[in-house]
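Reproduced below: run20.cif, with mmCIF, C-alpha atoms.
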```
data_target
loop_
_atom_site.group_PDB
_atom_site.id
_atom_site.type_symbol
_atom_site.label_atom_id
_atom_site.label_comp_id
_atom_site.auth_asym_id
_atom_site.auth_seq_id
_atom_site.Cartn_x
_atom_site.Cartn_y
_atom_site.Cartn_z
ATOM 1 C CA MET P 1 115.053 95.675 191.353
ATOM 2 C CA THR P 2 116.662 94.303 188.188
ATOM 3 C CA THR P 3 118.451 96.795 185.964
ATOM 4 C CA ILE P 4 118.978 96.062 182.288
ATOM 5 C CA ARG P 5 121.582 97.945 180.292
ATOM 6 C CA THR P 6 121.085 98.497 176.572
ATOM 7 C CA THR P 7 121.856 101.183 174.010
ATOM 8 C CA CYS P 8 119.800 103.953 172.456
ATOM 9 C CA LYS P 9 120.833 104.700 168.865
ATOM 10 C CA HIS P 10 120.951 108.408 169.700
ATOM 11 C CA CYS P 11 121.845 108.646 173.408
ATOM 12 C CA GLY P 12 124.173 105.707 173.947
ATOM 13 C CA ASP P 13 124.033 103.457 177.021
ATOM 14 C CA VAL P 14 120.805 103.501 179.044
ATOM 15 C CA GLU P 15 119.676 101.573 182.096
ATOM 16 C CA LEU P 16 116.098 100.269 182.253
ATOM 17 C CA THR P 17 113.930 98.215 184.548
ATOM 18 C CA THR P 18 111.983 95.149 183.445
ATOM 19 C CA ALA P 19 108.835 97.299 183.320
ATOM 20 C CA ASP P 20 110.504 99.554 180.721
ATOM 21 C CA ILE P 21 111.037 96.740 178.204
ATOM 22 C CA GLY P 22 108.608 94.748 176.085
ATOM 23 C CA LEU P 23 109.526 91.498 174.369
ATOM 24 C CA GLU P 24 108.033 90.385 171.057
ATOM 25 C CA LEU P 25 108.562 86.661 170.554
ATOM 26 C CA ALA P 26 108.382 84.980 167.166
ATOM 27 C CA ALA P 27 105.745 82.231 167.120
ATOM 28 C CA GLU P 28 108.020 79.993 165.060
ATOM 29 C CA GLY P 29 111.133 80.019 167.226
ATOM 30 C CA SER P 30 112.958 81.252 170.293
ATOM 31 C CA THR P 31 113.973 84.669 168.990
ATOM 32 C CA GLY P 32 112.253 88.002 168.579
ATOM 33 C CA ASN P 33 112.700 91.693 169.347
ATOM 34 C CA TYR P 34 112.717 93.798 172.469
ATOM 35 C CA ARG P 35 111.485 97.364 172.526
ATOM 36 C CA PHE P 36 111.735 100.303 174.889
ATOM 37 C CA ASP P 37 111.302 104.053 175.037
ATOM 38 C CA CYS P 38 114.609 105.775 175.634
ATOM 39 C CA PRO P 39 114.436 107.507 179.032
ATOM 40 C CA PHE P 40 116.460 110.450 177.666
ATOM 41 C CA CYS P 41 115.165 111.228 174.158
ATOM 42 C CA GLY P 42 111.854 109.321 174.346
ATOM 43 C CA LEU P 43 112.295 107.581 171.002
ATOM 44 C CA VAL P 44 110.948 104.047 170.675
ATOM 45 C CA GLN P 45 113.805 101.615 170.136
ATOM 46 C CA ARG P 46 113.507 98.072 168.759
ATOM 47 C CA ARG P 47 116.371 95.578 168.897
ATOM 48 C CA PRO P 48 116.705 91.977 167.748
ATOM 49 C CA ALA P 49 116.754 89.408 170.541
ATOM 50 C CA ASN P 50 118.505 86.104 169.927
ATOM 51 C CA HIS P 51 117.809 82.998 172.015
ATOM 52 C CA ARG P 52 120.247 84.085 174.755
ATOM 53 C CA VAL P 53 118.756 87.598 175.068
ATOM 54 C CA VAL P 54 115.210 86.185 175.085
ATOM 55 C CA SER P 55 116.150 83.781 177.884
ATOM 56 C CA ILE P 56 117.701 86.537 179.991
ATOM 57 C CA LEU P 57 114.788 88.924 179.521
ATOM 58 C CA LEU P 58 112.221 86.245 180.359
ATOM 59 C CA ALA P 59 114.204 85.188 183.445
ATOM 60 C CA THR P 60 114.209 88.776 184.722
ATOM 61 C CA GLY P 61 110.425 89.063 184.339
ATOM 62 C CA VAL P 62 110.077 91.158 181.189
ATOM 63 C CA GLU P 63 106.529 90.968 179.812
ATOM 64 C CA TYR P 64 106.175 89.408 176.382
ATOM 65 C CA GLU P 65 103.743 88.828 173.560
ATOM 66 C CA ILE P 66 103.785 86.240 170.774
ATOM 67 C CA ILE P 67 103.923 87.798 167.312
ATOM 68 C CA THR P 68 102.680 85.798 164.347
ATOM 69 C CA THR P 69 104.183 86.829 161.060
ATOM 70 C CA VAL P 70 101.783 87.080 158.184
ATOM 71 C CA GLY P 71 103.247 87.115 154.711
ATOM 72 C CA PRO P 72 102.557 89.748 152.076
ATOM 73 C CA ILE P 73 99.099 90.084 150.542
ATOM 74 C CA THR P 74 98.771 87.938 147.434
ATOM 75 C CA GLU P 75 97.279 88.959 144.091
ATOM 76 C CA GLU P 76 94.491 86.428 144.701
ATOM 77 C CA GLU P 77 93.589 88.088 148.025
ATOM 78 C CA ILE P 78 93.499 91.528 146.386
ATOM 79 C CA GLU P 79 91.258 90.259 143.562
ATOM 80 C CA SER P 80 88.939 88.550 146.059
ATOM 81 C CA PHE P 81 88.692 91.741 148.098
ATOM 82 C CA ALA P 82 87.960 93.846 144.996
ATOM 83 C CA ARG P 83 85.193 91.401 143.946
ATOM 84 C CA ALA P 84 83.677 91.596 147.435
ATOM 85 C CA LEU P 85 83.514 95.385 147.152
ATOM 86 C CA ASP P 86 81.394 95.024 144.000
ATOM 87 C CA ILE P 87 78.679 93.122 145.906
ATOM 88 C CA ASP P 88 75.713 95.279 146.903
ATOM 89 C CA GLY P 89 75.230 95.653 150.659
ATOM 90 C CA TRP P 90 78.774 94.736 151.701
ATOM 91 C CA PHE P 91 79.087 97.784 153.935
ATOM 92 C CA SER P 92 75.744 97.132 155.661
ATOM 93 C CA GLU P 93 76.832 93.557 156.352
ATOM 94 C CA ILE P 94 80.082 94.697 157.974
ATOM 95 C CA ALA P 95 78.395 97.472 159.944
ATOM 96 C CA ALA P 96 75.845 95.013 161.345
ATOM 97 C CA SER P 97 78.519 92.704 162.781
#
```

Rewritten as structure tokens:
Amino acid sequence: MTTIRTTCKHCGDVELTTADIGLELAAEGSTGNYRFDCPFCGLVQRRPANHRVVSILLATGVEYEIITTVGPITEEEIESFARALDIDGWFSEIAAS
């Protein structure tokens, strides 16, 4: 069984298995973040993962998901949403789908 050593911000060094770590990959590149629950304090930890870390984690069998980054909501999107709320029957239309 592969053991991965990392650090909890509160507890210090911790050892995890590949099942204890999740990898979030950026859709645009070869970097991302890895996350885990500290086995001592239980807090969720999130750390940046550069290309090297991503490669190591993938090679050891850590499960991953692709994360697409969506930018902030624009003024135009807010105005469009507010106009849609003024249309009669909008809730019924959503509830029916």

Original post:
Counting only C-alpha atoms, which of P:Thr60, P:Thr7, P:Thr17, P:Thr31 gets nearest to Val44 of chain P?
Top reply: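 So, comparing all the options, the nearest one is P:Thr7.
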
**OP:** Tell me which of P:Asp13, P:Met1, P:Arg46, P:Ile67 sits closest to Ser30 of chain P, counting only C-alpha atoms.
**Re:**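 For Ser30 of chain P, the nearest of the candidates is P:Ile67.
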
**OP:** Provide the atom CA of Glu24 of chain P to atom CA of Arg5 of chain P distance in Å, to one decimal place.
**Re:**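 Distance reported for this atom pair: 18.1 Å.
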
Original post:
Can you find the residues with an atom no farther than 9 Å from (107.7, 89.2, 173.9), counting all atoms listed in the file, and report them as a PyMOL selection string?
Top reply: chain P and resi 22-26+32-34+54+58+62-67

Original post:
In Å to one decimal, how far is atom CA of Glu79 of chain P from atom CA of Phe91 of chain P?
Top reply: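 Here the two named atoms are 17.7 Å from each other.
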
Specify as a compact mmCIF listing (two decimals) with C-alpha atoms, keeping the file's coordinate frame each residue included when the PyMOL selection byres ((chain P and resi 45) around 12) is applied to this file.
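Okay, part21.txt is ready:
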```
# COMPACT_ATOMS: atom_id res chain seq x y z
CA THR P 6 121.08 98.50 176.57
CA THR P 7 121.86 101.18 174.01
CA CYS P 8 119.80 103.95 172.46
CA LYS P 9 120.83 104.70 168.86
CA HIS P 10 120.95 108.41 169.70
CA CYS P 11 121.84 108.65 173.41
CA GLY P 12 124.17 105.71 173.95
CA VAL P 14 120.80 103.50 179.04
CA ASP P 20 110.50 99.55 180.72
CA ILE P 21 111.04 96.74 178.20
CA GLY P 22 108.61 94.75 176.08
CA LEU P 23 109.53 91.50 174.37
CA ASN P 33 112.70 91.69 169.35
CA TYR P 34 112.72 93.80 172.47
CA ARG P 35 111.48 97.36 172.53
CA PHE P 36 111.74 100.30 174.89
CA ASP P 37 111.30 104.05 175.04
CA CYS P 38 114.61 105.78 175.63
CA PRO P 39 114.44 107.51 179.03
CA PHE P 40 116.46 110.45 177.67
CA CYS P 41 115.16 111.23 174.16
CA GLY P 42 111.85 109.32 174.35
CA LEU P 43 112.30 107.58 171.00
CA VAL P 44 110.95 104.05 170.68
CA ARG P 46 113.51 98.07 168.76
CA ARG P 47 116.37 95.58 168.90
CA PRO P 48 116.70 91.98 167.75
```

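Between atom CA of Ile94 of chain P and atom CA of Thr74 of chain P the separation is 22.5 Å.
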
Subject >> Selected residue, from P:Ala59, P:Asp86, P:Ile73, P:Thr2, that lies nearest to Glu15 of chain P when counting all atoms listed in the file >> reply: P:Thr2

Original post:
Using only C-alpha atoms, which of the listed residues (P:Leu57, P:Ile87, P:Val70, P:Ala95) sits closest to Thr18 of chain P?
Top reply: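 Among P:Leu57, P:Ile87, P:Val70, P:Ala95, it is P:Leu57 that comes nearest to Thr18 of chain P.
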
Missing atoms in segment 58-69 of chain P: can you complete it with all heavy atoms, as a compact mmCIF listing (two decimals), in the coordinates of the input?
```
# COMPACT_ATOMS: atom_id res chain seq x y z
N LEU P 58 113.31 87.00 179.73
CA LEU P 58 112.22 86.24 180.36
C LEU P 58 112.54 85.90 181.80
O LEU P 58 111.68 85.99 182.68
CB LEU P 58 111.92 84.97 179.56
CG LEU P 58 111.27 85.17 178.20
CD1 LEU P 58 111.16 83.83 177.46
CD2 LEU P 58 109.91 85.83 178.33
N ALA P 59 113.80 85.54 182.08
CA ALA P 59 114.20 85.19 183.44
C ALA P 59 114.11 86.38 184.39
O ALA P 59 113.87 86.20 185.59
CB ALA P 59 115.62 84.62 183.43
N THR P 60 114.28 87.59 183.86
CA THR P 60 114.21 88.78 184.72
C THR P 60 112.79 89.29 184.89
O THR P 60 112.55 90.24 185.63
CB THR P 60 115.09 89.92 184.18
OG1 THR P 60 114.65 90.27 182.87
CG2 THR P 60 116.55 89.52 184.15
N GLY P 61 111.82 88.68 184.17
CA GLY P 61 110.42 89.06 184.34
C GLY P 61 109.88 90.06 183.33
O GLY P 61 108.82 90.63 183.56
N VAL P 62 110.57 90.25 182.22
CA VAL P 62 110.08 91.16 181.19
C VAL P 62 108.80 90.57 180.59
O VAL P 62 108.72 89.38 180.30
CB VAL P 62 111.14 91.36 180.08
CG1 VAL P 62 110.57 92.06 178.87
CG2 VAL P 62 112.33 92.14 180.64
N GLU P 63 107.78 91.42 180.42
CA GLU P 63 106.53 90.97 179.81
C GLU P 63 106.75 90.72 178.33
O GLU P 63 107.56 91.39 177.70
CB GLU P 63 105.43 92.01 180.02
CG GLU P 63 105.01 92.11 181.46
CD GLU P 63 103.79 93.00 181.64
OE1 GLU P 63 103.07 93.25 180.66
OE2 GLU P 63 103.57 93.43 182.78
N TYR P 64 105.99 89.77 177.78
CA TYR P 64 106.18 89.41 176.38
C TYR P 64 104.83 89.18 175.70
O TYR P 64 103.81 89.01 176.33
CB TYR P 64 107.03 88.15 176.27
CG TYR P 64 106.33 86.90 176.77
CD1 TYR P 64 105.61 86.09 175.90
CD2 TYR P 64 106.39 86.56 178.11
CE1 TYR P 64 104.96 84.96 176.36
CE2 TYR P 64 105.75 85.43 178.58
CZ TYR P 64 105.04 84.63 177.70
OH TYR P 64 104.40 83.52 178.15
N GLU P 65 104.88 89.20 174.37
CA GLU P 65 103.74 88.83 173.56
C GLU P 65 104.25 88.01 172.38
O GLU P 65 105.39 88.19 171.93
CB GLU P 65 102.96 90.05 173.07
CG GLU P 65 103.76 91.01 172.20
CD GLU P 65 102.95 92.23 171.80
OE1 GLU P 65 101.86 92.07 171.24
OE2 GLU P 65 103.44 93.33 172.04
N ILE P 66 103.43 87.08 171.92
CA ILE P 66 103.78 86.24 170.77
C ILE P 66 103.32 86.96 169.51
O ILE P 66 102.16 87.32 169.39
CB ILE P 66 103.11 84.85 170.87
CG1 ILE P 66 103.44 84.16 172.20
CG2 ILE P 66 103.49 84.00 169.68
CD1 ILE P 66 104.87 83.81 172.40
N ILE P 67 104.23 87.12 168.57
CA ILE P 67 103.92 87.80 167.31
C ILE P 67 103.89 86.75 166.21
O ILE P 67 104.85 86.00 166.02
CB ILE P 67 105.00 88.86 166.98
CG1 ILE P 67 105.16 89.85 168.11
CG2 ILE P 67 104.70 89.53 165.66
CD1 ILE P 67 103.94 90.69 168.39
N THR P 68 102.77 86.70 165.50
CA THR P 68 102.68 85.80 164.35
C THR P 68 102.93 86.61 163.09
O THR P 68 102.35 87.68 162.90
CB THR P 68 101.31 85.11 164.26
OG1 THR P 68 100.30 86.10 164.26
CG2 THR P 68 101.09 84.18 165.43
N THR P 69 103.82 86.13 162.28
CA THR P 69 104.18 86.83 161.06
C THR P 69 103.26 86.38 159.94
O THR P 69 103.12 85.20 159.68
CB THR P 69 105.64 86.52 160.68
OG1 THR P 69 106.47 86.83 161.79
CG2 THR P 69 106.08 87.31 159.48
```
